[in-house]
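*Asks:* Pasting input.cif here (mmCIF, C-alpha atoms):
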data_target
#
loop_
_atom_site.label_atom_id
_atom_site.label_comp_id
_atom_site.auth_asym_id
_atom_site.auth_seq_id
_atom_site.Cartn_x
_atom_site.Cartn_y
_atom_site.Cartn_z
CA MET A 1 13.18 6.05 -7.11
CA GLN A 2 14.53 6.00 -3.56
CA LEU A 3 12.84 6.53 -0.20
CA THR A 4 15.13 7.13 2.79
CA ALA A 5 14.02 7.00 6.41
CA THR A 6 16.59 8.40 8.83
CA ASN A 7 16.23 7.64 12.54
CA ILE A 8 12.47 8.09 12.45
CA GLY A 9 10.10 7.60 15.36
CA LYS A 10 6.41 8.06 16.12
CA ARG A 11 4.92 8.72 19.51
CA TYR A 12 1.35 9.12 20.73
CA ASN A 13 1.25 10.98 24.03
CA ARG A 14 4.11 9.42 26.01
CA GLU A 15 4.17 6.08 24.22
CA TRP A 16 6.64 5.47 21.41
CA ILE A 17 5.10 3.28 18.70
CA PHE A 18 8.52 2.81 17.12
CA ARG A 19 11.82 4.65 17.35
CA GLY A 20 15.24 4.70 15.69
CA PHE A 21 14.06 3.27 12.36
CA SER A 22 16.43 3.85 9.44
CA CYS A 23 16.30 2.27 6.00
CA THR A 24 16.84 3.15 2.35
CA PHE A 25 14.17 1.71 0.06
CA THR A 26 14.97 1.50 -3.65
CA ALA A 27 12.94 0.83 -6.79
CA GLY A 28 12.97 -2.74 -8.06
CA ASN A 29 12.95 -4.15 -4.54
CA ALA A 30 10.17 -5.33 -2.24
CA TYR A 31 10.25 -4.90 1.53
CA ALA A 32 8.11 -6.49 4.24
CA VAL A 33 7.40 -4.72 7.53
CA THR A 34 6.41 -7.53 9.88
CA GLY A 35 5.27 -7.88 13.47
CA PRO A 36 2.30 -8.91 15.61
CA ASN A 37 -1.07 -7.17 15.48
CA GLY A 38 -1.02 -3.75 17.08
CA SER A 39 2.76 -3.45 16.95
CA GLY A 40 2.83 -0.35 14.74
CA LYS A 41 3.30 -1.75 11.22
CA SER A 42 0.47 0.31 9.75
CA THR A 43 1.66 3.44 11.55
CA LEU A 44 5.13 3.03 10.05
CA LEU A 45 3.65 2.58 6.59
CA GLN A 46 1.54 5.73 6.99
CA VAL A 47 4.57 7.69 8.21
CA LEU A 48 6.60 6.57 5.19
CA ALA A 49 3.71 7.56 2.92
CA GLY A 50 3.54 11.02 4.49
CA ALA A 51 0.00 10.50 5.78
CA VAL A 52 1.07 10.65 9.45
CA MET A 53 3.49 13.20 10.88
CA LEU A 54 6.80 12.07 12.34
CA SER A 55 7.70 12.67 15.96
CA GLU A 56 11.40 12.61 15.12
CA GLY A 57 13.75 11.86 12.24
CA SER A 58 13.16 12.47 8.55
CA VAL A 59 11.86 10.80 5.39
CA THR A 60 13.18 11.94 2.01
CA CYS A 61 12.30 10.82 -1.48
CA THR A 62 14.47 11.21 -4.56
CA ASP A 63 13.89 10.35 -8.21
CA THR A 64 16.89 10.29 -10.58
CA GLY A 65 18.81 12.34 -8.03
CA ALA A 66 16.16 15.07 -7.62
CA THR A 67 14.46 15.50 -4.25
CA ILE A 68 10.68 15.25 -4.29
CA SER A 69 8.86 17.57 -1.90
CA PRO A 70 6.45 15.99 0.63
CA GLU A 71 3.58 17.87 -1.05
CA LYS A 72 4.22 16.04 -4.32
CA MET A 73 4.94 12.62 -2.86
CA HIS A 74 1.29 11.53 -3.08
CA SER A 75 1.46 11.59 -6.88
CA ARG A 76 4.34 9.06 -6.82
CA LEU A 77 2.71 6.41 -4.66
CA SER A 78 -0.35 4.20 -4.51
CA ILE A 79 -1.67 2.32 -1.49
CA ALA A 80 -4.15 -0.39 -0.63
CA ALA A 81 -5.18 -0.74 3.02
CA PRO A 82 -8.21 -1.98 5.00
CA TYR A 83 -8.82 1.50 6.46
CA LEU A 84 -8.97 3.23 3.05
CA GLU A 85 -12.53 3.22 1.76
CA LEU A 86 -13.95 3.15 -1.74
CA ILE A 87 -16.79 5.47 -2.77
CA GLU A 88 -19.67 3.06 -2.30
CA GLU A 89 -22.23 5.09 -4.24
CA MET A 90 -20.17 4.60 -7.40
CA THR A 91 -20.16 1.55 -9.62
CA ALA A 92 -16.86 -0.24 -10.19
CA ILE A 93 -16.36 1.39 -13.60
CA GLU A 94 -17.25 4.82 -12.21
CA MET A 95 -14.67 4.30 -9.45
CA LEU A 96 -12.00 3.50 -12.02
CA LEU A 97 -12.89 6.54 -14.12
CA PHE A 98 -12.83 8.76 -11.04
CA HIS A 99 -9.47 7.35 -9.98
CA THR A 100 -7.90 8.10 -13.37
CA LYS A 101 -8.68 11.80 -12.94
CA PHE A 102 -5.90 11.79 -10.34
CA LYS A 103 -3.66 8.87 -11.33
CA SER A 104 -3.52 7.07 -14.64
CA LEU A 105 -3.65 3.28 -14.85
CA THR A 106 -1.17 1.09 -16.70
CA ILE A 107 -3.89 -1.13 -18.21
CA ASP A 108 -7.39 -0.32 -19.43
CA ASN A 109 -10.40 -0.52 -17.15
CA SER A 110 -11.94 -3.65 -18.64
CA ALA A 111 -8.64 -5.55 -18.42
CA LEU A 112 -8.20 -4.55 -14.76
CA LEU A 113 -11.68 -5.73 -13.84
CA SER A 114 -11.17 -8.97 -15.75
CA LEU A 115 -7.88 -9.77 -14.01
CA PHE A 116 -9.61 -9.51 -10.64
CA GLY A 117 -12.75 -11.37 -11.70
CA LEU A 118 -14.92 -8.26 -11.46
CA GLU A 119 -15.95 -7.85 -15.10
CA LYS A 120 -19.56 -8.89 -14.40
CA ALA A 121 -19.77 -6.32 -11.59
CA ALA A 122 -18.59 -3.35 -13.67
CA GLY A 123 -21.98 -1.64 -13.47
CA LYS A 124 -22.77 -2.64 -9.90
CA GLN A 125 -22.62 -0.14 -7.05
CA ILE A 126 -19.72 -0.85 -4.74
CA ARG A 127 -22.03 -0.79 -1.71
CA TYR A 128 -23.36 -4.16 -2.93
CA PHE A 129 -19.91 -5.73 -3.28
CA SER A 130 -18.75 -8.40 -0.87
CA SER A 131 -15.77 -7.51 1.31
CA GLY A 132 -13.57 -9.69 -0.92
CA MET A 133 -14.74 -7.90 -4.08
CA LYS A 134 -13.98 -4.53 -2.50
CA GLN A 135 -10.48 -5.68 -1.60
CA ARG A 136 -9.86 -6.90 -5.15
CA LEU A 137 -10.86 -3.51 -6.49
CA LYS A 138 -8.62 -1.72 -3.98
CA LEU A 139 -5.70 -3.90 -5.04
CA GLY A 140 -6.43 -3.29 -8.71
CA LEU A 141 -6.40 0.47 -8.23
CA ALA A 142 -3.13 0.31 -6.26
CA ILE A 143 -1.18 -2.24 -8.31
CA PHE A 144 -2.07 -0.73 -11.69
CA SER A 145 -1.73 2.95 -10.80
CA ASN A 146 1.06 4.48 -12.84
CA THR A 147 3.23 5.22 -9.80
CA PRO A 148 6.76 4.05 -8.92
CA VAL A 149 5.94 3.33 -5.26
CA LEU A 150 3.39 0.81 -3.98
CA PHE A 151 2.35 0.47 -0.33
CA LEU A 152 0.30 -2.55 0.72
CA ASP A 153 -1.14 -2.87 4.22
CA GLU A 154 -2.46 -6.39 4.93
CA PRO A 155 -3.28 -6.78 1.22
CA CYS A 156 -5.02 -10.16 1.45
CA THR A 157 -7.60 -9.02 4.01
CA ASN A 158 -10.98 -10.61 3.12
CA LEU A 159 -9.56 -12.50 0.12
CA ASP A 160 -10.29 -16.18 -0.48
CA ALA A 161 -7.68 -18.62 -1.76
CA GLU A 162 -8.38 -17.66 -5.39
CA GLY A 163 -8.04 -13.96 -4.60
CA ILE A 164 -4.75 -14.52 -2.78
CA ALA A 165 -3.38 -16.46 -5.78
CA VAL A 166 -4.39 -13.62 -8.14
CA TYR A 167 -2.71 -11.07 -5.86
CA GLN A 168 0.53 -13.06 -5.72
CA GLN A 169 0.59 -13.56 -9.48
CA LEU A 170 -0.07 -9.91 -10.36
CA ILE A 171 2.48 -8.58 -7.88
CA THR A 172 5.11 -10.86 -9.42
CA GLU A 173 4.20 -10.00 -13.01
CA TYR A 174 3.50 -6.27 -12.83
CA CYS A 175 5.48 -4.79 -9.94
CA LYS A 176 9.08 -5.84 -10.59
CA GLN A 177 10.21 -2.28 -11.34
CA LYS A 178 8.35 -0.65 -8.46
CA LEU A 179 9.42 0.08 -4.92
CA VAL A 180 7.04 -2.12 -2.92
CA ILE A 181 6.54 -2.02 0.86
CA VAL A 182 4.17 -4.52 2.49
CA SER A 183 2.93 -4.30 6.07
CA SER A 184 1.88 -7.78 7.20
CA ASN A 185 2.30 -10.70 9.58
CA ASP A 186 1.16 -13.24 6.97
CA LYS A 187 3.76 -14.89 4.72
CA GLN A 188 1.16 -15.24 1.94
CA GLU A 189 1.13 -11.46 1.64
CA TYR A 190 4.84 -10.76 1.64
CA GLY A 191 6.54 -13.99 0.52
CA PHE A 192 7.83 -12.28 -2.64
CA CYS A 193 9.71 -9.60 -0.67
CA ASN A 194 13.50 -9.70 -0.68
CA GLU A 195 13.96 -7.90 2.65
CA GLU A 196 12.13 -8.19 5.97
CA LEU A 197 12.08 -5.43 8.59
CA LYS A 198 10.73 -6.40 12.01
CA ILE A 199 8.90 -3.54 13.71
CA THR A 200 9.66 -5.10 17.10
CA ASP A 201 13.35 -4.26 16.54
CA TYR A 202 12.40 -0.60 16.82
CA LYS A 203 10.49 -0.73 20.10
CA GLU A 204 11.81 0.87 23.26
CA ASN A 205 12.43 -1.60 26.07
#
As structure tokens - that is how I would like this structure written.
*Replies:*
Amino acid sequence: MQLTATNIGKRYNREWIFRGFSCTFTAGNAYAVTGPNGSGKSTLLQVLAGAVMLSEGSVTCTDTGATISPEKMHSRLSIAAPYLELIEEMTAIEMLLFHTKFKSLTIDNSALLSLFGLEKAAGKQIRYFSSGMKQRLKLGLAIFSNTPVLFLDEPCTNLDAEGIAVYQQLITEYCKQKLVIVSSNDKQEYGFCNEELKITDYKEN
């Protein structure tokens, strides 16, 4: 799996958020997009995911040499981000069952909940979860989706020290073959990455 960004840029009105960004991302590697708050890290991640339109440049995705159309890209990636909400009327187990109608999981539901310490909350409505519990569930859905690409935007938001340790362990154990891109300014979230891309390098002076 390979994702190639060629001279991409994103502008809102007259302000360029970033410009001239080029990189080839390949499966089996992890990349960190770093920079201060408000610098455009999340926007870049959303552009790469196809959720936000480019202002210039192109993003292409290939799998074993075949080009994947933008319309089908969503089936190849999973994402966890603070701005993506869970369905709060559902219980945790209902959320997992709903998710698997669109993307299968690489482990069973009970094992996923157990790994994130949520087994006792399986039948609890998500609206009653703490912010940390919600983040654990988001990470579980993203990490264990059967997709070759994983996007993580500030993945340790609302996690305590135990939750951060679980995240770091599971990323290391279960995501070695994936193409992982992390948007963060916190080393705890992207310390496992083997390449760092600074968004400030792609700002116009």
*Asks:* Starting from the shown file, work through the PyMOL selection byres ((chain A and resi 195-203) around 10) and note down what comes out as a PDB file with C-alpha atoms, keeping the file's coordinate frame.
*Replies:*
ATOM      1  CA  ILE A   8      12.470   8.090  12.450  1.00  0.00           C
ATOM      2  CA  GLY A   9      10.100   7.600  15.360  1.00  0.00           C
ATOM      3  CA  TRP A  16       6.640   5.470  21.410  1.00  0.00           C
ATOM      4  CA  ILE A  17       5.100   3.280  18.700  1.00  0.00           C
ATOM      5  CA  PHE A  18       8.520   2.810  17.120  1.00  0.00           C
ATOM      6  CA  ARG A  19      11.820   4.650  17.350  1.00  0.00           C
ATOM      7  CA  GLY A  20      15.240   4.700  15.690  1.00  0.00           C
ATOM      8  CA  PHE A  21      14.060   3.270  12.360  1.00  0.00           C
ATOM      9  CA  SER A  22      16.430   3.850   9.440  1.00  0.00           C
ATOM     10  CA  CYS A  23      16.300   2.270   6.000  1.00  0.00           C
ATOM     11  CA  PHE A  25      14.170   1.710   0.060  1.00  0.00           C
ATOM     12  CA  ASN A  29      12.950  -4.150  -4.540  1.00  0.00           C
ATOM     13  CA  ALA A  30      10.170  -5.330  -2.240  1.00  0.00           C
ATOM     14  CA  TYR A  31      10.250  -4.900   1.530  1.00  0.00           C
ATOM     15  CA  ALA A  32       8.110  -6.490   4.240  1.00  0.00           C
ATOM     16  CA  VAL A  33       7.400  -4.720   7.530  1.00  0.00           C
ATOM     17  CA  THR A  34       6.410  -7.530   9.880  1.00  0.00           C
ATOM     18  CA  GLY A  35       5.270  -7.880  13.470  1.00  0.00           C
ATOM     19  CA  PRO A  36       2.300  -8.910  15.610  1.00  0.00           C
ATOM     20  CA  SER A  39       2.760  -3.450  16.950  1.00  0.00           C
ATOM     21  CA  GLY A  40       2.830  -0.350  14.740  1.00  0.00           C
ATOM     22  CA  LYS A  41       3.300  -1.750  11.220  1.00  0.00           C
ATOM     23  CA  LEU A  44       5.130   3.030  10.050  1.00  0.00           C
ATOM     24  CA  ILE A 181       6.540  -2.020   0.860  1.00  0.00           C
ATOM     25  CA  VAL A 182       4.170  -4.520   2.490  1.00  0.00           C
ATOM     26  CA  SER A 183       2.930  -4.300   6.070  1.00  0.00           C
ATOM     27  CA  ASN A 185       2.300 -10.700   9.580  1.00  0.00           C
ATOM     28  CA  TYR A 190       4.840 -10.760   1.640  1.00  0.00           C
ATOM     29  CA  GLY A 191       6.540 -13.990   0.520  1.00  0.00           C
ATOM     30  CA  PHE A 192       7.830 -12.280  -2.640  1.00  0.00           C
ATOM     31  CA  CYS A 193       9.710  -9.600  -0.670  1.00  0.00           C
ATOM     32  CA  ASN A 194      13.500  -9.700  -0.680  1.00  0.00           C
ATOM     33  CA  GLU A 204      11.810   0.870  23.260  1.00  0.00           C
ATOM     34  CA  ASN A 205      12.430  -1.600  26.070  1.00  0.00           C
TER      35      ASN A 205
END
*Asks:* Using only C-alpha atoms, find each residue of range 20-114 of chain A with at least one atom at most 7 Å away from an atom of range 148-168 of chain A; report its shortest atom-to-atom pair and that distance in Å (one decimal), sort the rows by chain and rising residue number, and return the result as CSV.
*Replies:*
residue,atom,partner,partner_atom,distance
A:Ser42,CA,A:Asp153,CA,6.6
A:Arg76,CA,A:Pro148,CA,5.9
A:Leu77,CA,A:Val149,CA,4.5
A:Ser78,CA,A:Leu150,CA,5.1
A:Ile79,CA,A:Phe151,CA,4.6
A:Ala80,CA,A:Leu152,CA,5.1
A:Ala81,CA,A:Asp153,CA,4.7
*Asks:* Would you compute the distance between CA of Asp186 in chain A and CA of Pro82 in chain A? Give it in Å to one decimal.
*Replies:*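 Computing it gives 14.8 Å between the two atoms.
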*Asks:* When you draw a straight line from CA of Leu179 in chain A to CA of Thr26 in chain A, how long is it in Å?
*Replies:* 5.9 Å
*Asks:* For Phe116 in chain A, which residue among A:Leu170, A:Leu3, A:Met53, A:Ile93 is the nearest when counting only C-alpha atoms?
*Replies:*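 Going through A:Leu170, A:Leu3, A:Met53, A:Ile93 one by one, the smallest distance to Phe116 in chain A is for A:Leu170.
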